[in-house]
>>> print(open('coords_11.cif').read())   # mmCIF, C-alpha atoms and all ligand atoms
data_model
loop_
_atom_site.label_atom_id
_atom_site.label_comp_id
_atom_site.auth_asym_id
_atom_site.auth_seq_id
_atom_site.Cartn_x
_atom_site.Cartn_y
_atom_site.Cartn_z
CA MET A 1491 4.42 0.71 -10.60
CA PHE A 1492 4.17 2.76 -7.46
CA LEU A 1493 4.63 6.47 -7.39
CA THR A 1494 7.91 6.48 -5.51
CA VAL A 1495 7.67 8.28 -2.18
CA PHE A 1496 10.92 8.85 -0.40
CA ARG A 1497 10.99 7.85 3.23
CA ARG A 1498 13.38 9.47 5.68
CA MET A 1499 14.31 9.11 9.32
CA LYS A 1500 11.12 8.93 11.33
CA LEU A 1501 10.84 10.01 14.95
CA LEU A 1502 9.94 6.38 15.61
CA THR A 1503 13.45 5.43 14.50
CA HIS A 1504 15.02 8.20 16.58
CA ASN A 1505 13.26 6.69 19.60
CA MET A 1506 15.28 3.48 19.14
CA LEU A 1507 18.79 4.92 18.62
CA THR A 1508 21.59 5.19 21.19
CA SER A 1509 25.12 6.58 21.00
CA HIS A 1510 27.83 4.15 22.08
CA VAL A 1511 30.88 6.43 22.05
CA LYS A 1512 33.58 5.01 24.32
CA GLY A 1513 33.24 6.22 27.90
CA VAL A 1514 29.66 7.42 27.48
CA THR A 1515 27.37 5.93 30.14
CA ASN A 1516 24.13 7.37 28.90
CA GLY A 1517 23.92 7.92 25.16
CA TYR A 1518 20.12 8.16 25.09
CA PRO A 1519 18.12 9.98 23.94
CA LEU A 1520 20.00 11.68 21.13
CA ASN A 1521 19.31 15.37 20.56
CA ILE A 1522 18.04 16.23 17.12
CA GLU A 1523 19.60 19.08 15.14
CA ALA A 1524 17.36 19.17 12.13
CA LYS A 1525 18.13 21.20 9.02
CA ASP A 1526 15.33 19.79 6.89
CA VAL A 1527 12.15 18.25 8.32
CA ARG A 1528 9.17 17.08 6.28
CA VAL A 1529 5.77 15.70 7.03
CA GLN A 1530 4.60 12.99 4.69
CA GLU A 1531 1.27 11.22 4.51
CA VAL A 1532 1.45 7.60 5.70
CA ASP A 1533 -1.53 5.23 5.86
CA PHE A 1534 -2.95 5.13 9.37
CA ASN A 1535 -2.92 1.70 10.97
CA PRO A 1536 -4.41 2.20 14.46
CA GLU A 1537 -3.75 -1.35 15.56
CA PHE A 1538 -0.07 -1.09 14.71
CA ILE A 1539 0.27 2.20 16.57
CA ALA A 1540 -1.50 0.78 19.63
CA ARG A 1541 0.86 -2.23 19.65
CA MET A 1542 3.88 0.03 19.17
CA ILE A 1543 3.13 2.56 21.92
CA PRO A 1544 4.21 0.31 24.83
CA LYS A 1545 7.57 -0.22 23.09
CA MET A 1546 8.18 3.52 22.82
CA GLU A 1547 9.84 5.85 25.29
CA TYR A 1548 6.88 8.18 25.26
CA GLU A 1549 8.60 11.15 26.88
CA VAL A 1550 11.39 10.94 24.33
CA LEU A 1551 8.85 10.98 21.52
CA VAL A 1552 7.24 14.11 22.95
CA GLN A 1553 10.62 15.83 23.35
CA ALA A 1554 11.67 14.87 19.84
CA ALA A 1555 8.43 16.18 18.33
CA GLN A 1556 8.83 19.40 20.25
CA SER A 1557 12.45 19.87 19.20
CA VAL A 1558 11.58 19.65 15.50
CA GLY A 1559 8.51 21.85 15.93
CA HIS A 1560 5.84 19.26 15.22
CA LEU A 1561 4.34 18.46 18.61
CA GLY A 1562 0.86 19.47 17.51
CA ASN A 1563 -1.76 18.03 19.82
CA LEU A 1564 0.26 15.12 21.12
CA PRO A 1565 -0.40 15.07 24.88
CA PRO A 1566 2.71 15.46 27.09
CA GLU A 1567 1.73 12.34 28.97
CA LEU A 1568 0.48 9.05 27.69
CA VAL A 1569 -3.30 8.86 28.02
CA THR A 1570 -4.84 5.86 29.72
CA ASP A 1571 -6.86 3.52 27.56
CA TYR A 1572 -5.05 4.79 24.47
CA GLU A 1573 -5.89 1.65 22.49
CA ASN A 1574 -9.44 2.89 22.13
CA ASN A 1575 -8.67 6.56 21.71
CA ASP A 1576 -8.66 7.13 17.97
CA GLU A 1577 -7.87 10.81 18.26
CA PHE A 1578 -4.79 10.07 20.34
CA LEU A 1579 -3.67 7.23 18.06
CA LYS A 1580 -3.92 9.55 15.05
CA GLU A 1581 -1.70 12.13 16.73
CA ALA A 1582 0.78 9.47 17.80
CA HIS A 1583 0.76 8.14 14.23
CA ARG A 1584 1.50 11.59 12.85
CA VAL A 1585 4.43 12.15 15.19
CA MET A 1586 5.88 8.62 15.00
CA MET A 1587 5.35 7.89 11.32
CA MET A 1588 4.85 11.10 9.35
CA VAL A 1589 7.41 13.55 10.71
CA GLU A 1590 10.70 12.79 8.98
CA VAL A 1591 14.17 14.29 9.23
CA VAL A 1592 15.91 14.59 5.86
CA GLU A 1593 19.12 16.39 6.81
CA GLY A 1594 20.69 17.18 10.16
CA SER A 1595 22.46 15.46 13.02
CA LEU A 1596 21.77 13.33 16.03
CA VAL A 1597 23.83 14.53 18.97
CA CYS A 1598 25.09 12.30 21.78
CA PRO A 1599 23.72 13.84 25.01
CA GLU A 1600 26.92 13.12 26.93
CA SER A 1601 29.88 13.45 24.54
CA GLY A 1602 28.35 15.89 22.05
CA ARG A 1603 29.44 13.58 19.21
CA LYS A 1604 27.36 14.31 16.13
CA PHE A 1605 25.97 11.53 14.00
CA PRO A 1606 25.02 12.88 10.58
CA ILE A 1607 21.65 12.30 8.97
CA SER A 1608 21.99 12.60 5.21
CA ASN A 1609 19.33 11.74 2.67
CA GLY A 1610 17.26 10.76 5.69
CA ILE A 1611 19.68 8.05 6.82
CA PRO A 1612 21.34 8.31 10.22
CA ASN A 1613 24.99 7.23 10.27
CA MET A 1614 25.67 5.78 13.71
CA LEU A 1615 29.11 4.34 12.93
CA LEU A 1616 31.94 5.16 15.29
CA ASN A 1617 35.58 5.71 14.40
CA GLU A 1618 38.10 3.18 15.61
CA ASP A 1619 39.27 5.44 18.46
CA GLU A 1620 35.67 5.84 19.69
CA VAL A 1621 34.91 2.16 20.38
CA MET B 1397 3.56 -16.97 -4.76
CA PHE B 1398 5.00 -13.62 -3.68
CA LYS B 1399 6.64 -11.21 -6.05
CA THR B 1400 10.37 -10.65 -5.90
CA PRO B 1401 10.89 -6.95 -5.21
CA ASP B 1402 11.64 -4.83 -8.24
CA TYR B 1403 15.30 -3.93 -8.31
CA SER B 1404 15.54 -2.73 -11.89
CA HIS B 1405 16.69 0.67 -10.57
CA ILE B 1406 20.00 -0.81 -9.41
CA THR B 1407 22.73 0.26 -11.81
CA SER B 1408 26.06 -1.37 -12.57
CA GLN B 1409 27.61 1.58 -10.78
CA ASP B 1410 25.62 0.72 -7.63
CA CYS B 1411 27.01 -2.80 -7.89
CA GLN B 1412 30.53 -1.51 -7.58
CA LEU B 1413 29.62 -0.04 -4.21
CA VAL B 1414 26.97 -2.42 -2.87
CA TYR B 1415 26.47 -6.21 -2.92
CA GLU B 1416 24.35 -7.09 -5.93
CA PRO B 1417 21.38 -9.41 -5.25
CA ALA B 1418 22.70 -12.92 -5.98
CA GLU B 1419 21.95 -16.61 -5.37
CA ASP B 1420 22.28 -16.22 -1.60
CA THR B 1421 19.84 -13.30 -1.65
CA PHE B 1422 17.29 -15.34 -3.58
CA LEU B 1423 17.71 -18.38 -1.32
CA LEU B 1424 16.86 -16.13 1.61
CA LEU B 1425 13.76 -14.86 -0.21
CA ASP B 1426 12.67 -18.45 -0.86
CA ALA B 1427 13.29 -19.33 2.79
CA LEU B 1428 11.14 -16.41 3.98
CA GLU B 1429 8.39 -17.40 1.58
CA LYS B 1430 8.53 -20.95 2.92
CA GLU B 1431 8.29 -19.51 6.42
CA PHE B 1432 5.36 -17.25 5.55
CA GLU B 1433 2.81 -19.07 7.71
CA THR B 1434 5.13 -19.26 10.68
CA LEU B 1435 5.88 -15.57 10.29
CA GLN B 1436 2.21 -14.70 10.07
CA ASN B 1437 1.39 -16.68 13.20
CA LEU B 1438 4.21 -14.93 15.01
CA ARG B 1439 2.59 -11.54 14.29
CA PRO B 1440 5.97 -9.83 14.44
CA LEU B 1441 5.93 -6.19 15.48
CA ILE B 1442 9.63 -5.40 14.96
CA CYS B 1443 11.85 -6.95 12.27
CA VAL B 1444 15.49 -6.17 11.56
CA GLU B 1445 17.74 -7.18 8.72
CA VAL B 1446 21.42 -6.79 9.51
CA GLY B 1447 23.57 -6.11 6.45
CA CYS B 1448 20.62 -5.24 4.21
CA GLY B 1449 22.83 -4.53 1.16
CA ALA B 1450 20.66 -3.59 -1.80
CA GLY B 1451 17.56 -4.00 0.37
CA VAL B 1452 15.77 -6.74 -1.55
CA VAL B 1453 15.35 -9.09 1.44
CA ILE B 1454 13.97 -6.62 3.95
CA THR B 1455 11.72 -5.09 1.26
CA PHE B 1456 10.39 -8.58 0.55
CA LEU B 1457 9.76 -9.19 4.25
CA ALA B 1458 7.99 -5.81 4.53
CA SER B 1459 5.76 -6.80 1.62
CA LEU B 1460 4.89 -10.13 3.28
CA LEU B 1461 3.99 -8.53 6.58
CA LYS B 1462 2.42 -5.27 5.35
CA SER B 1463 2.02 -2.24 7.57
CA ASP B 1464 1.54 -4.30 10.72
CA THR B 1465 5.27 -4.46 11.19
CA LEU B 1466 8.12 -2.05 11.72
CA CYS B 1467 11.10 -2.99 9.55
CA PHE B 1468 14.66 -1.83 10.10
CA GLY B 1469 17.63 -2.46 7.84
CA THR B 1470 21.17 -1.84 9.05
CA ASP B 1471 24.40 -1.90 7.09
CA ILE B 1472 27.97 -0.92 7.83
CA ASN B 1473 28.24 0.38 4.27
CA TYR B 1474 26.55 3.79 3.84
CA ASN B 1475 25.91 3.17 0.14
CA ALA B 1476 24.07 -0.03 0.99
CA ALA B 1477 21.79 1.73 3.47
CA GLN B 1478 21.03 4.32 0.84
CA LEU B 1479 20.33 1.75 -1.87
CA SER B 1480 18.09 -0.24 0.50
CA GLN B 1481 16.11 2.90 1.10
CA LYS B 1482 15.68 3.31 -2.65
CA THR B 1483 14.68 -0.30 -3.16
CA SER B 1484 12.02 -0.20 -0.47
CA ASN B 1485 10.66 3.08 -1.83
CA GLN B 1486 10.64 1.74 -5.36
CA ASN B 1487 8.41 -1.08 -4.15
CA GLY B 1488 6.12 1.14 -2.10
CA MET B 1489 7.39 -0.28 1.20
CA THR B 1490 8.72 1.44 4.29
CA VAL B 1491 12.04 0.22 5.62
CA ASN B 1492 13.93 2.31 8.15
CA THR B 1493 17.58 2.16 7.25
CA ILE B 1494 20.44 2.95 9.57
CA VAL B 1495 24.20 2.87 9.08
CA SER B 1496 25.35 0.76 12.02
CA ASP B 1497 27.66 -2.05 12.98
CA LEU B 1498 25.34 -5.07 13.39
CA VAL B 1499 22.43 -3.91 15.64
CA ASN B 1500 24.66 -1.73 17.78
CA ALA B 1501 22.82 1.58 17.31
CA LEU B 1502 19.46 -0.07 18.11
CA GLN B 1503 20.74 -1.40 21.42
CA PRO B 1504 19.79 -1.33 24.19
CA ARG B 1505 16.41 0.02 23.04
CA LEU B 1506 15.47 -3.01 20.96
CA ASN B 1507 16.89 -5.56 23.39
CA GLY B 1508 14.23 -8.23 23.85
CA LEU B 1509 11.97 -6.61 21.25
CA ILE B 1510 13.12 -8.00 17.90
CA ASP B 1511 10.68 -10.62 16.66
CA VAL B 1512 12.44 -11.43 13.40
CA LEU B 1513 16.16 -10.92 12.79
CA ILE B 1514 17.74 -11.78 9.44
CA PHE B 1515 21.40 -11.85 8.47
CA ASN B 1516 23.04 -12.83 5.21
CA PRO B 1517 26.56 -12.18 6.48
CA PRO B 1518 29.89 -11.81 4.76
CA TYR B 1519 30.59 -15.55 4.75
CA VAL B 1520 33.52 -15.99 2.36
CA LEU B 1521 36.77 -17.40 3.79
CA THR B 1522 39.36 -14.62 3.54
CA PRO B 1523 42.46 -13.47 5.40
CA SER B 1524 41.53 -11.88 8.73
CA GLU B 1525 42.90 -8.50 7.68
CA GLU B 1526 40.12 -8.13 5.11
CA VAL B 1527 37.40 -8.14 7.78
CA GLY B 1528 36.12 -4.83 9.14
CA SER B 1529 35.96 -2.65 6.05
CA ARG B 1530 33.02 -0.35 5.42
CA ASP B 1531 32.88 -0.67 1.67
CA ILE B 1532 31.97 -3.47 -0.73
CA VAL B 1533 34.66 -5.76 0.74
CA ALA B 1534 32.43 -5.96 3.85
CA SER B 1535 29.91 -7.79 1.65
CA TRP B 1536 31.94 -10.97 1.50
CA ALA B 1537 35.04 -10.83 3.71
CA GLY B 1538 34.34 -13.30 6.52
CA GLY B 1539 37.89 -13.99 7.71
CA ILE B 1540 38.85 -17.35 9.19
CA ASP B 1541 36.29 -20.02 8.25
CA GLY B 1542 34.19 -17.10 7.03
CA ARG B 1543 33.05 -16.85 10.62
CA GLN B 1544 34.52 -13.63 11.97
CA VAL B 1545 31.40 -11.51 11.49
CA ILE B 1546 28.98 -14.40 12.13
CA ASP B 1547 30.69 -15.07 15.47
CA ARG B 1548 30.10 -11.49 16.55
CA ILE B 1549 26.34 -11.66 16.06
CA LEU B 1550 25.67 -15.07 17.67
CA PRO B 1551 26.22 -13.96 21.30
CA ILE B 1552 23.95 -10.92 20.78
CA ILE B 1553 20.97 -13.02 19.67
CA PRO B 1554 19.72 -13.99 23.17
CA THR B 1555 19.82 -10.31 24.18
CA VAL B 1556 18.03 -8.76 21.25
CA LEU B 1557 15.40 -11.33 20.33
CA SER B 1558 11.96 -11.18 21.91
CA PRO B 1559 10.87 -14.31 23.82
CA LYS B 1560 9.18 -15.75 20.73
CA GLY B 1561 11.74 -14.20 18.35
CA VAL B 1562 13.27 -15.95 15.34
CA PHE B 1563 16.74 -15.52 13.88
CA TYR B 1564 17.43 -16.48 10.24
CA LEU B 1565 21.07 -16.85 9.25
CA LEU B 1566 22.45 -17.73 5.84
CA ILE B 1567 25.70 -19.68 5.81
CA LEU B 1568 28.11 -21.45 3.54
CA LYS B 1569 29.03 -25.09 4.19
CA GLU B 1570 32.60 -24.06 5.05
CA ASN B 1571 31.27 -21.89 7.90
CA LYS B 1572 30.80 -25.12 9.92
CA GLN B 1573 27.12 -25.47 10.66
CA ASP B 1574 27.67 -27.92 13.54
CA GLU B 1575 29.85 -25.49 15.42
CA ILE B 1576 27.31 -22.70 14.93
CA GLU B 1577 24.58 -25.01 16.21
CA ASP B 1578 26.64 -25.83 19.33
CA ILE B 1579 27.24 -22.16 20.06
CA MET B 1580 23.55 -21.36 19.73
CA ASN B 1581 22.57 -24.39 21.84
CA SER B 1582 24.79 -23.05 24.59
CA HIS B 1583 22.80 -19.80 24.37
CA GLY B 1584 19.55 -21.77 24.76
CA PHE B 1585 18.55 -21.82 21.09
CA GLU B 1586 17.64 -24.69 18.82
CA MET B 1587 18.42 -24.81 15.13
CA ALA B 1588 16.50 -25.93 12.08
CA VAL B 1589 17.56 -25.89 8.44
CA VAL B 1590 14.94 -24.03 6.40
CA LEU B 1591 16.49 -24.46 2.94
CA GLN B 1592 19.68 -25.66 1.34
CA ARG B 1593 20.93 -25.12 -2.17
CA ARG B 1594 23.97 -25.76 -4.23
CA THR B 1595 24.83 -22.87 -6.55
CA GLY B 1596 28.00 -23.27 -8.56
CA PRO B 1597 30.78 -23.96 -6.09
CA GLU B 1598 28.79 -22.70 -3.08
CA ARG B 1599 26.68 -24.85 -0.79
CA LEU B 1600 24.35 -22.46 0.99
CA SER B 1601 21.91 -23.02 3.85
CA VAL B 1602 19.38 -20.85 5.61
CA LEU B 1603 19.30 -21.68 9.32
CA LYS B 1604 16.59 -20.74 11.77
CA PHE B 1605 17.08 -20.34 15.51
CA THR B 1606 14.39 -20.16 18.19
CA ARG B 1607 14.52 -20.41 21.97
CA ILE B 1608 14.45 -23.98 23.25
CA ASP B 1609 12.52 -22.98 26.30
CA MET B 1610 10.43 -19.84 26.09
CA THR B 1611 10.68 -19.34 29.85
CA TYR B 1612 14.44 -19.12 29.31
CA ALA B 1613 13.95 -15.63 27.90
C1 LIG C 1701 26.41 -11.02 1.62
S1 LIG C 1701 25.96 -9.32 1.71
C2 LIG C 1701 24.16 -9.47 1.82
C3 LIG C 1701 23.42 -8.28 1.31
C4 LIG C 1701 21.89 -8.45 1.25
N1 LIG C 1701 21.33 -8.70 2.56
C5 LIG C 1701 21.53 -9.59 0.33
O1 LIG C 1701 21.07 -10.62 0.83
O2 LIG C 1701 21.67 -9.42 -0.89
C6 LIG C 1701 26.43 -8.87 3.39
C7 LIG C 1701 26.04 -7.46 3.83
O3 LIG C 1701 26.40 -7.28 5.20
C8 LIG C 1701 26.98 -6.00 5.39
N2 LIG C 1701 27.82 -6.07 6.59
C9 LIG C 1701 29.03 -6.66 6.73
N3 LIG C 1701 29.48 -6.53 7.99
C10 LIG C 1701 28.54 -5.83 8.68
C11 LIG C 1701 28.42 -5.37 10.02
N4 LIG C 1701 29.36 -5.60 10.92
N5 LIG C 1701 27.32 -4.67 10.37
C12 LIG C 1701 26.34 -4.42 9.45
N6 LIG C 1701 26.39 -4.83 8.19
C13 LIG C 1701 27.47 -5.53 7.79
C14 LIG C 1701 27.72 -5.75 4.10
O4 LIG C 1701 28.00 -4.38 3.88
C15 LIG C 1701 26.76 -6.35 3.06
O5 LIG C 1701 25.82 -5.40 2.62
#
>>> encode(input="coords_11.cif", output="structure tokens", more="lines below")
Ligand SMILES: C[S@@+](CC[C@H](N)C(=O)[O-])C[C@H]1O[C@@H](n2cnc3c(N)ncnc32)[C@H](O)[C@@H]1O
Amino acid sequence: MFLTVFRRMKLLTHNMLTSHVKGVTNGYPLNIEAKDVRVQEVDFNPEFIARMIPKMEYEVLVQAAQSVGHLGNLPPELVTDYENNDEFLKEAHRVMMMVEVVEGSLVCPESGRKFPISNGIPNMLLNEDEV
Amino acid sequence: MFKTPDYSHITSQDCQLVYEPAEDTFLLLDALEKEFETLQNLRPLICVEVGCGAGVVITFLASLLKSDTLCFGTDINYNAAQLSQKTSNQNGMTVNTIVSDLVNALQPRLNGLIDVLIFNPPYVLTPSEEVGSRDIVASWAGGIDGRQVIDRILPIIPTVLSPKGVFYLLILKENKQDEIEDIMNSHGFEMAVVLQRRTGPERLSVLKFTRIDMTYA
């Protein structure tokens, strides 16, 4: 059997989440209030990262990495010809795949509504009066 | 050919809170295995299972597609999201679980980007009032014709699927396959039946929807 490694909310996931609280016109990106952040080794798959980059909001990734204190050497702007830049892809891999939030909240930028992250799982459900 | 994910860690206590893998779950696994070549040719980048429950289906998909794919599992039941996380970890897979109503939290970011979407919905015919819970009742309560949750996801499909995207939906005979096909036709999708099986009193089918005309996207 595998040695069980627990996976938590990756910054890649954060990049895809939006708050839909009633009345909010721009619920993206969510601010991260992290209480517990970990970095875990994940196998590097450069091809996957290169395919994923165009689907990312790159600026949001940079901001997110910065806000949890793990920006490292990720360049503030997307480099050209990144598909062939192994050094860049490794950094992007680290930030997207290895930095994980275990406990904390995601905060709606407009309404301030907090969505809890517990055991590494973001809870994006709204109450009945919020939809 | 492919191994069913290990779910020996699931306790009877878990099963009071989360839908236990059952015949419908296994039919979906068999359908995905049957679709393996199609899935491989598709080279999906982003896959989502809505209502991932104990996580066996999305973990299986992750194991078919390896690290070339990003897998999300959503569930309206927090305990299900948590158990899915455990199941994927137990099998050495990465599935990103989110507590969300359908794909709501992933929209609009994943609009047009989901290559494979899977849903084994609450399909049992129940009184309408039972629909909309966030606990184990959400596993089966489908309301009128067992269609009340199914009918909420159908109109979202054209928005969230990528141009070449595929949607797999498990249904019960009483959910009225013909009506579902008509609805999806009107959204520009064609339907195929991947697998059908009779288990006890239930007649289950796994349906597959793809865009009729790719330029429609
Ligand atoms: C029939 S169970 C299937 C569970 C698992 N996928 C399987 O095949 O064993 C249906 C699942 O959908 C979830 N569900 C029901 N309504 C939902 C909704 N609106 N959004 C997300 N998940 C939902 C339930 O909590 C439950 O886990």
>>> residues_around(input="coords_11.cif", residues="Thr1606 (chain B)", least_positions_apart="3", cutoff="9 Å", atoms="all atoms listed in the file", output="short mmCIF file (atom, residue, chain, number, x, y, z; two decimals) with C-alpha atoms, in the frame of the given file")
data_model
loop_
_atom_site.label_atom_id
_atom_site.label_comp_id
_atom_site.auth_asym_id
_atom_site.auth_seq_id
_atom_site.Cartn_x
_atom_site.Cartn_y
_atom_site.Cartn_z
CA PRO B 1559 10.87 -14.31 23.82
CA LYS B 1560 9.18 -15.75 20.73
CA GLY B 1561 11.74 -14.20 18.35
CA VAL B 1562 13.27 -15.95 15.34
CA PHE B 1563 16.74 -15.52 13.88
CA GLY B 1584 19.55 -21.77 24.76
CA PHE B 1585 18.55 -21.82 21.09
CA GLU B 1586 17.64 -24.69 18.82
CA MET B 1587 18.42 -24.81 15.13
CA ALA B 1588 16.50 -25.93 12.08
CA ASP B 1609 12.52 -22.98 26.30
CA MET B 1610 10.43 -19.84 26.09
#
>>> interface_residues(input="coords_11.cif", of="chain B", to="chain A", cutoff="7 Å", atoms="all atoms listed in the file", output="MDAnalysis selection string")
chainID B and resid 1464 1485:1488 1490 1492:1497 1501:1503 1505:1506
>>> write_last_selection(input="coords_11.cif", atoms="C-alpha atoms", output="CSV table (one decimal), in the coordinates of the input")
chain,number,residue,atom,x,y,z
B,1464,ASP,CA,1.5,-4.3,10.7
B,1485,ASN,CA,10.7,3.1,-1.8
B,1486,GLN,CA,10.6,1.7,-5.4
B,1487,ASN,CA,8.4,-1.1,-4.2
B,1488,GLY,CA,6.1,1.1,-2.1
B,1490,THR,CA,8.7,1.4,4.3
B,1492,ASN,CA,13.9,2.3,8.2
B,1493,THR,CA,17.6,2.2,7.2
B,1494,ILE,CA,20.4,3.0,9.6
B,1495,VAL,CA,24.2,2.9,9.1
B,1496,SER,CA,25.4,0.8,12.0
B,1497,ASP,CA,27.7,-2.0,13.0
B,1501,ALA,CA,22.8,1.6,17.3
B,1502,LEU,CA,19.5,-0.1,18.1
B,1503,GLN,CA,20.7,-1.4,21.4
B,1505,ARG,CA,16.4,0.0,23.0
B,1506,LEU,CA,15.5,-3.0,21.0
>>> atom_distance(input="coords_11.cif", atom1="CA of Leu1565 (chain B)", atom2="CA of Tyr1474 (chain B)")
22.0 Å
>>> closest_atom_pairs(input="coords_11.cif", of="chain B", to="ligand LIG 1701 (chain C)", cutoff="6 Å", atoms="only C-alpha atoms and all ligand atoms", output="tab-separated table")
residue	atom	partner	partner_atom	distance
B:Tyr1415	CA	C:LIG1701	S1	5.6
B:Pro1417	CA	C:LIG1701	O2	4.4
B:Thr1421	CA	C:LIG1701	O1	3.9
B:Val1446	CA	C:LIG1701	C12	5.5
B:Gly1447	CA	C:LIG1701	O3	3.3
B:Cys1448	CA	C:LIG1701	N1	3.9
B:Gly1449	CA	C:LIG1701	O5	3.4
B:Ala1450	CA	C:LIG1701	C4	5.9
B:Val1453	CA	C:LIG1701	O1	6.0
B:Thr1470	CA	C:LIG1701	C12	5.8
B:Asp1471	CA	C:LIG1701	N6	3.7
B:Ile1472	CA	C:LIG1701	C12	4.2
B:Asn1473	CA	C:LIG1701	O4	4.8
B:Ala1476	CA	C:LIG1701	O5	5.9
B:Ser1496	CA	C:LIG1701	C12	5.9
B:Asp1497	CA	C:LIG1701	N5	3.7
B:Leu1498	CA	C:LIG1701	N5	3.6
B:Asn1516	CA	C:LIG1701	C2	4.9
B:Pro1517	CA	C:LIG1701	C6	4.5
B:Pro1518	CA	C:LIG1701	C6	4.7
B:Ala1534	CA	C:LIG1701	C9	4.5
B:Ser1535	CA	C:LIG1701	C15	3.7
B:Trp1536	CA	C:LIG1701	C1	5.5
>>> closest_residue(input="coords_11.cif", among="B:Lys1604, B:Asp1420, B:Asp1578, B:Thr1595", to="Leu1435 (chain B)", atoms="only C-alpha atoms")
B:Lys1604
>>> closest_residue(input="coords_11.cif", among="A:Thr1570, A:Gln1556, A:Asn1617, A:Ser1601", to="Leu1501 (chain A)", atoms="only C-alpha atoms")
A:Gln1556
>>> closest_residue(input="coords_11.cif", among="B:Ala1477, B:Leu1425, B:Val1556, B:Val1589", to="Asn1500 (chain B)", atoms="all atoms listed in the file")
B:Val1556
>>> residues_near_point(input="coords_11.cif", point="(13.8, -8.8, 12.6)", cutoff="6 Å", atoms="all atoms listed in the file", output="PyMOL selection string")
chain B and resi 1442-1445+1510-1514
>>> decode(input="coords_11.cif", residues="region 1571-1583 of chain A", atoms="N, CA and C atoms", output="compact mmCIF listing (two decimals), in the first residue's frame")
# COMPACT_ATOMS: atom_id res chain seq x y z
N ASP A 1571 7.72 32.04 -23.70
CA ASP A 1571 8.34 30.75 -24.01
C ASP A 1571 8.50 29.88 -22.76
N TYR A 1572 7.50 29.95 -21.87
CA TYR A 1572 7.61 29.22 -20.61
C TYR A 1572 7.61 27.71 -20.77
N GLU A 1573 7.03 27.24 -21.89
CA GLU A 1573 6.97 25.78 -22.11
C GLU A 1573 8.34 25.15 -22.07
N ASN A 1574 9.35 25.93 -22.51
CA ASN A 1574 10.69 25.36 -22.60
C ASN A 1574 11.61 25.84 -21.49
N ASN A 1575 11.03 26.50 -20.51
CA ASN A 1575 11.84 27.06 -19.43
C ASN A 1575 11.66 26.21 -18.17
N ASP A 1576 12.52 25.24 -18.03
CA ASP A 1576 12.38 24.25 -16.96
C ASP A 1576 12.43 24.88 -15.57
N GLU A 1577 13.28 25.88 -15.46
CA GLU A 1577 13.45 26.54 -14.16
C GLU A 1577 12.14 27.22 -13.76
N PHE A 1578 11.53 27.90 -14.74
CA PHE A 1578 10.25 28.55 -14.48
C PHE A 1578 9.17 27.51 -14.15
N LEU A 1579 9.11 26.46 -14.95
CA LEU A 1579 8.06 25.44 -14.74
C LEU A 1579 8.18 24.81 -13.36
N LYS A 1580 9.42 24.66 -12.89
CA LYS A 1580 9.63 24.08 -11.55
C LYS A 1580 9.09 25.00 -10.47
N GLU A 1581 9.34 26.30 -10.64
CA GLU A 1581 8.83 27.27 -9.67
C GLU A 1581 7.31 27.32 -9.70
N ALA A 1582 6.76 27.30 -10.90
CA ALA A 1582 5.30 27.33 -11.04
C ALA A 1582 4.71 26.06 -10.41
N HIS A 1583 5.37 24.94 -10.63
CA HIS A 1583 4.94 23.67 -10.03
C HIS A 1583 4.92 23.77 -8.51
